[in-house]
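Source file: structure_5.cif. Holds: mmCIF, C-alpha atoms.
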data_model
#
loop_
_atom_site.label_atom_id
_atom_site.label_comp_id
_atom_site.auth_asym_id
_atom_site.auth_seq_id
_atom_site.Cartn_x
_atom_site.Cartn_y
_atom_site.Cartn_z
CA MET H 1446 0.00 0.00 0.00
CA THR H 1447 1.32 3.40 -0.95
CA PRO H 1448 1.41 6.32 1.49
CA GLY H 1449 -1.17 8.08 -0.70
CA THR H 1450 -3.58 5.16 -0.48
CA GLY H 1451 -3.09 5.01 3.28
CA ALA H 1452 -3.76 8.74 3.61
CA ALA H 1453 -6.91 8.39 1.50
CA LEU H 1454 -8.17 5.53 3.69
CA ARG H 1455 -7.51 7.57 6.84
CA MET H 1456 -9.39 10.52 5.39
CA LEU H 1457 -12.30 8.38 4.18
CA ALA H 1458 -12.69 6.75 7.60
CA ALA H 1459 -12.70 10.20 9.21
CA THR H 1460 -15.14 11.57 6.63
CA VAL H 1461 -17.80 8.98 7.49
CA ASP H 1462 -16.98 9.32 11.23
CA ALA H 1463 -16.39 5.57 11.20
CA LYS H 1464 -17.16 3.65 14.34
CA ALA H 1465 -17.48 0.23 12.66
CA VAL H 1466 -15.26 -0.74 9.72
CA ALA H 1467 -15.04 -4.11 7.97
CA GLU H 1468 -11.82 -4.97 6.17
CA ILE H 1469 -11.57 -7.80 3.65
CA GLY H 1470 -7.93 -8.88 3.56
CA THR H 1471 -5.98 -8.17 6.75
CA GLY H 1472 -2.60 -8.56 5.08
CA THR H 1473 0.19 -7.32 7.33
CA GLY H 1474 -2.03 -4.71 8.98
CA VAL H 1475 -0.84 -1.62 7.09
CA SER H 1476 -4.28 -0.68 5.75
CA GLY H 1477 -5.85 -1.49 9.13
CA ILE H 1478 -3.52 0.96 10.87
CA HIS H 1479 -4.49 3.71 8.41
CA LEU H 1480 -8.19 2.94 8.89
CA LEU H 1481 -7.85 2.91 12.68
CA HIS H 1482 -6.10 6.31 12.60
CA GLY H 1483 -9.06 7.77 10.71
CA MET H 1484 -11.76 6.11 12.82
CA ARG H 1485 -13.39 7.45 15.96
CA PRO H 1486 -11.41 6.68 19.15
CA ASP H 1487 -14.09 4.17 20.19
CA GLY H 1488 -14.25 2.59 16.73
CA VAL H 1489 -13.69 -1.10 16.05
CA LEU H 1490 -12.09 -2.57 12.93
CA THR H 1491 -13.37 -6.03 11.98
CA THR H 1492 -10.77 -7.62 9.73
CA VAL H 1493 -11.17 -10.87 7.80
CA ASP H 1494 -8.38 -12.94 6.27
CA PRO H 1495 -7.98 -16.62 5.38
CA GLU H 1496 -4.44 -16.67 6.83
CA PRO H 1497 -4.34 -16.63 10.67
CA GLU H 1498 -0.55 -16.01 10.56
CA ARG H 1499 -1.11 -12.71 8.76
CA GLN H 1500 -3.71 -11.73 11.32
CA GLN H 1501 -1.26 -12.46 14.14
CA PHE H 1502 1.31 -10.25 12.44
CA ALA H 1503 -1.30 -7.48 12.03
CA ARG H 1504 -2.34 -7.82 15.68
CA GLN H 1505 1.28 -7.14 16.68
CA ALA H 1506 1.50 -4.22 14.23
CA PHE H 1507 -1.67 -2.65 15.69
CA ARG H 1508 -0.28 -3.01 19.20
CA ALA H 1509 3.07 -1.50 18.13
CA ALA H 1510 1.14 1.42 16.58
CA GLY H 1511 -0.44 2.07 19.98
CA PHE H 1512 -3.94 0.68 19.44
CA ALA H 1513 -5.64 -1.16 22.30
CA SER H 1514 -6.53 -4.78 21.59
CA ASN H 1515 -10.27 -4.01 21.77
CA ARG H 1516 -9.98 -1.71 18.71
CA ALA H 1517 -9.74 -4.67 16.30
CA ARG H 1518 -11.66 -7.90 15.87
CA PHE H 1519 -9.82 -10.54 13.85
CA ILE H 1520 -11.90 -13.17 12.09
CA PRO H 1521 -9.97 -15.90 10.26
CA GLY H 1522 -11.64 -17.39 7.20
CA ARG H 1523 -12.68 -16.77 3.62
CA ALA H 1524 -14.44 -13.42 3.29
CA LEU H 1525 -17.45 -14.91 1.53
CA ASP H 1526 -17.92 -17.37 4.41
CA VAL H 1527 -17.48 -14.72 7.14
CA LEU H 1528 -19.25 -11.64 5.71
CA PRO H 1529 -22.77 -13.16 5.72
CA ARG H 1530 -22.46 -13.49 9.52
CA LEU H 1531 -21.85 -9.74 9.98
CA ALA H 1532 -24.71 -7.35 10.79
CA ASP H 1533 -26.86 -5.78 8.07
CA ALA H 1534 -26.35 -1.99 7.90
CA GLY H 1535 -23.92 -2.27 10.83
CA TYR H 1536 -20.86 -0.74 9.18
CA ASP H 1537 -19.76 2.76 8.23
CA LEU H 1538 -17.01 1.66 5.84
CA VAL H 1539 -16.04 -1.57 4.10
CA PHE H 1540 -12.51 -1.81 2.69
CA CYS H 1541 -11.98 -4.56 0.12
CA ASP H 1542 -8.45 -5.78 -0.52
CA GLY H 1543 -9.08 -9.49 -0.99
CA ASP H 1544 -9.34 -11.90 -3.90
CA ARG H 1545 -10.01 -9.85 -7.05
CA LEU H 1546 -12.02 -12.72 -8.52
CA GLU H 1547 -14.55 -12.21 -5.71
CA SER H 1548 -14.88 -8.42 -6.10
CA LEU H 1549 -18.48 -8.45 -7.31
CA ASP H 1550 -19.45 -10.68 -4.38
CA TYR H 1551 -17.65 -8.29 -2.01
CA LEU H 1552 -19.65 -5.44 -3.51
CA ALA H 1553 -22.95 -7.26 -2.91
CA GLU H 1554 -21.98 -8.04 0.69
CA SER H 1555 -20.77 -4.46 1.24
CA LEU H 1556 -24.11 -3.03 0.12
CA ARG H 1557 -25.82 -5.21 2.72
CA LEU H 1558 -23.29 -4.38 5.46
CA LEU H 1559 -23.22 -0.61 4.94
CA ARG H 1560 -25.55 1.88 6.57
CA PRO H 1561 -26.97 4.58 4.29
CA GLY H 1562 -24.17 7.14 3.87
CA GLY H 1563 -21.56 4.44 4.44
CA LEU H 1564 -18.65 3.96 2.08
CA VAL H 1565 -17.11 1.01 0.25
CA ALA H 1566 -13.54 1.12 -1.11
CA PHE H 1567 -11.69 -1.32 -3.36
CA GLU H 1568 -7.88 -1.30 -3.50
CA GLY H 1569 -5.87 -2.06 -6.65
CA VAL H 1570 -8.51 -1.50 -9.34
CA PHE H 1571 -5.96 -0.29 -11.90
CA ALA H 1572 -4.25 -3.72 -11.76
CA ASP H 1573 -0.93 -2.12 -12.73
CA GLY H 1574 -2.63 -0.39 -15.67
CA ARG H 1575 -4.14 -3.57 -17.09
CA THR H 1576 -7.77 -2.51 -16.54
CA VAL H 1577 -7.41 0.15 -19.23
CA ASP H 1578 -5.22 -1.84 -21.65
CA SER H 1579 -6.95 -3.16 -24.75
CA GLY H 1580 -6.49 -6.75 -25.75
CA PRO H 1581 -6.94 -10.00 -23.88
CA GLN H 1582 -6.46 -9.83 -20.11
CA PRO H 1583 -6.41 -12.34 -17.26
CA VAL H 1584 -9.75 -13.19 -15.66
CA GLU H 1585 -8.97 -11.06 -12.57
CA VAL H 1586 -8.74 -7.96 -14.79
CA ALA H 1587 -12.05 -8.85 -16.44
CA ARG H 1588 -13.59 -9.10 -12.95
CA LEU H 1589 -12.21 -5.67 -12.01
CA ARG H 1590 -13.72 -4.21 -15.17
CA GLU H 1591 -17.07 -5.80 -14.21
CA LEU H 1592 -16.74 -4.29 -10.73
CA LEU H 1593 -16.01 -0.83 -12.13
CA ARG H 1594 -19.03 -1.10 -14.44
CA ALA H 1595 -21.32 -2.36 -11.66
CA VAL H 1596 -20.33 0.47 -9.31
CA ARG H 1597 -20.63 3.09 -12.04
CA GLU H 1598 -24.09 1.86 -13.10
CA SER H 1599 -25.51 1.28 -9.61
CA GLN H 1600 -28.37 3.55 -8.59
CA GLU H 1601 -27.48 2.80 -4.95
CA LEU H 1602 -23.97 4.25 -5.10
CA VAL H 1603 -22.21 7.57 -5.63
CA PRO H 1604 -18.78 6.48 -6.95
CA SER H 1605 -15.35 8.01 -7.42
CA LEU H 1606 -12.11 6.47 -8.62
CA LEU H 1607 -9.15 7.95 -6.74
CA PRO H 1608 -5.83 7.81 -8.62
CA VAL H 1609 -3.76 6.88 -5.56
CA GLY H 1610 -1.56 3.80 -5.38
CA ASP H 1611 -2.90 1.19 -7.78
CA GLY H 1612 -6.34 2.82 -7.88
CA LEU H 1613 -8.84 3.20 -5.05
CA LEU H 1614 -12.46 2.79 -6.13
CA CYS H 1615 -14.77 4.43 -3.58
CA ALA H 1616 -18.53 4.68 -3.46
CA VAL H 1617 -21.01 6.07 -0.94
CA LYS H 1618 -24.22 4.12 -0.39
CA ARG H 1619 -27.31 6.31 -0.87
#
Please re-express this file's structure in structure tokens.
Amino acid sequence: MTPGTGAALRMLAATVDAKAVAEIGTGTGVSGIHLLHGMRPDGVLTTVDPEPERQQFARQAFRAAGFASNRARFIPGRALDVLPRLADAGYDLVFCDGDRLESLDYLAESLRLLRPGGLVAFEGVFADGRTVDSGPQPVEVARLRELLRAVRESQELVPSLLPVGDGLLCAVKR
């Protein structure tokens, strides 16, 4: 994650006055730290990742960054198995940085999870410039193009594509 993407995530979390954030793809915790910095002091980040080792690393990174352990809830597992168990309209922001092949499914789950006025963000939608290249592309790029089209055409969303990092697709739920 680039510093610009991190700054954008921090700002977006602050903009929606985020108290509850869901993150798809814990990774090493870098994005989670940015989100936590932008969230309300009593906010809780719920982060989902199929790799418990990564979540343990992120837990240590959050602690090293000065966040109390009750600021993050770590749920190991595949996002599409975990997300249906999370509360409808219970989240202010959903950050998607998981399997690109599942992006459209993440969008559907995000719409259910978000309160009106909540925000969804997808990291890496430029796919190193491949989403705008003509010619045959891998299936993950085709999925990203489908995601971009679905967000753009949705009557439920007010979208914007931020040119930070490898592209940050953001949309506010009406």
Worksheet entry | Picked residues, the PyMOL selection byres ((chain H and resi 1568) around 9), expected as a PyMOL selection string | chain H and resi 1446+1450+1540-1543+1566-1567+1569-1571+1610-1615
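Checking H:Arg1504, H:Arg1594, H:Arg1588, H:Lys1618 one by one against Val1539 of chain H, counting all atoms listed in the file, you find the shortest gap at H:Lys1618.
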Within 6 Å of segment 1514-1522 of chain H, counting all atoms listed in the file, which residues show up once you throw out same-chain ones fewer than 3 positions away? Write them as a tab-separated table (two decimals) with C-alpha atoms, in the coordinates of the input, please.
chain	number	residue	atom	x	y	z
H	1489	VAL	CA	-13.69	-1.10	16.05
H	1490	LEU	CA	-12.09	-2.57	12.93
H	1491	THR	CA	-13.37	-6.03	11.98
H	1492	THR	CA	-10.77	-7.62	9.73
H	1493	VAL	CA	-11.17	-10.87	7.80
H	1494	ASP	CA	-8.38	-12.94	6.27
H	1495	PRO	CA	-7.98	-16.62	5.38
H	1497	PRO	CA	-4.34	-16.63	10.67
Discussion item. Using all atoms listed in the file, which protein or nucleic acid residues come within 10 Å of segment 1534-1538 of chain H? Drop anything in the same chain fewer than 3 positions from it, and give the result as a ChimeraX atom specification.
Written reply: /H:1454,1457-1458,1461-1468,1480,1484,1489-1491,1531,1541,1555-1566,1616-1618
Item to complete: Could you tell me how far atom CA of Arg1499 of chain H lies from atom CA of Ala1587 of chain H, in Å and to one decimal?
Response: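 Atom-to-atom, atom CA of Arg1499 of chain H to atom CA of Ala1587 of chain H, that is 27.7 Å.
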Worksheet item: Taking into account all atoms listed in the file, which residue in the set H:Gly1477, H:Pro1581, H:Gly1472, H:Gly1511 is nearest to Glu1496 of chain H?
Response: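 Between H:Gly1477, H:Pro1581, H:Gly1472, H:Gly1511, the residue approaching Glu1496 of chain H most closely is H:Gly1472.
One distance worth recording is that between atom CA of Phe1502 of chain H and atom CA of Val1475 of chain H, which is 10.4 Å.
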Response to the item:
Residue with the minimum atom-to-atom distance to Gln1501 of chain H, picked from H:Ser1548, H:Thr1576, H:Thr1460, H:Thr1471 with only C-alpha atoms counted, is H:Thr1471
Spell out the residues picked by the PyMOL selection byres ((chain H and resi 1547) around 10) here, as a tab-separated table (two decimals) with C-alpha atoms, in the coordinates of the input.
chain	number	residue	atom	x	y	z
H	1524	ALA	CA	-14.44	-13.42	3.29
H	1525	LEU	CA	-17.45	-14.91	1.53
H	1541	CYS	CA	-11.98	-4.56	0.12
H	1543	GLY	CA	-9.08	-9.49	-0.99
H	1544	ASP	CA	-9.34	-11.90	-3.90
H	1545	ARG	CA	-10.01	-9.85	-7.05
H	1546	LEU	CA	-12.02	-12.72	-8.52
H	1548	SER	CA	-14.88	-8.42	-6.10
H	1549	LEU	CA	-18.48	-8.45	-7.31
H	1550	ASP	CA	-19.45	-10.68	-4.38
H	1551	TYR	CA	-17.65	-8.29	-2.01
H	1552	LEU	CA	-19.65	-5.44	-3.51
H	1585	GLU	CA	-8.97	-11.06	-12.57
H	1588	ARG	CA	-13.59	-9.10	-12.95
H	1589	LEU	CA	-12.21	-5.67	-12.01
H	1592	LEU	CA	-16.74	-4.29	-10.73
Discussion item. Quick check, in Å to one decimal: how far apart do atom CA of Pro1604 of chain H and atom CA of Ala1553 of chain H lie?
Written reply: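 Separation between atom CA of Pro1604 of chain H and atom CA of Ala1553 of chain H: 14.9 Å.
With all atoms listed in the file as the atoms that count, the residue of H:Phe1507, H:Arg1619, H:Thr1447, H:Asp1578 with the shortest distance to Gln1600 of chain H is H:Arg1619.
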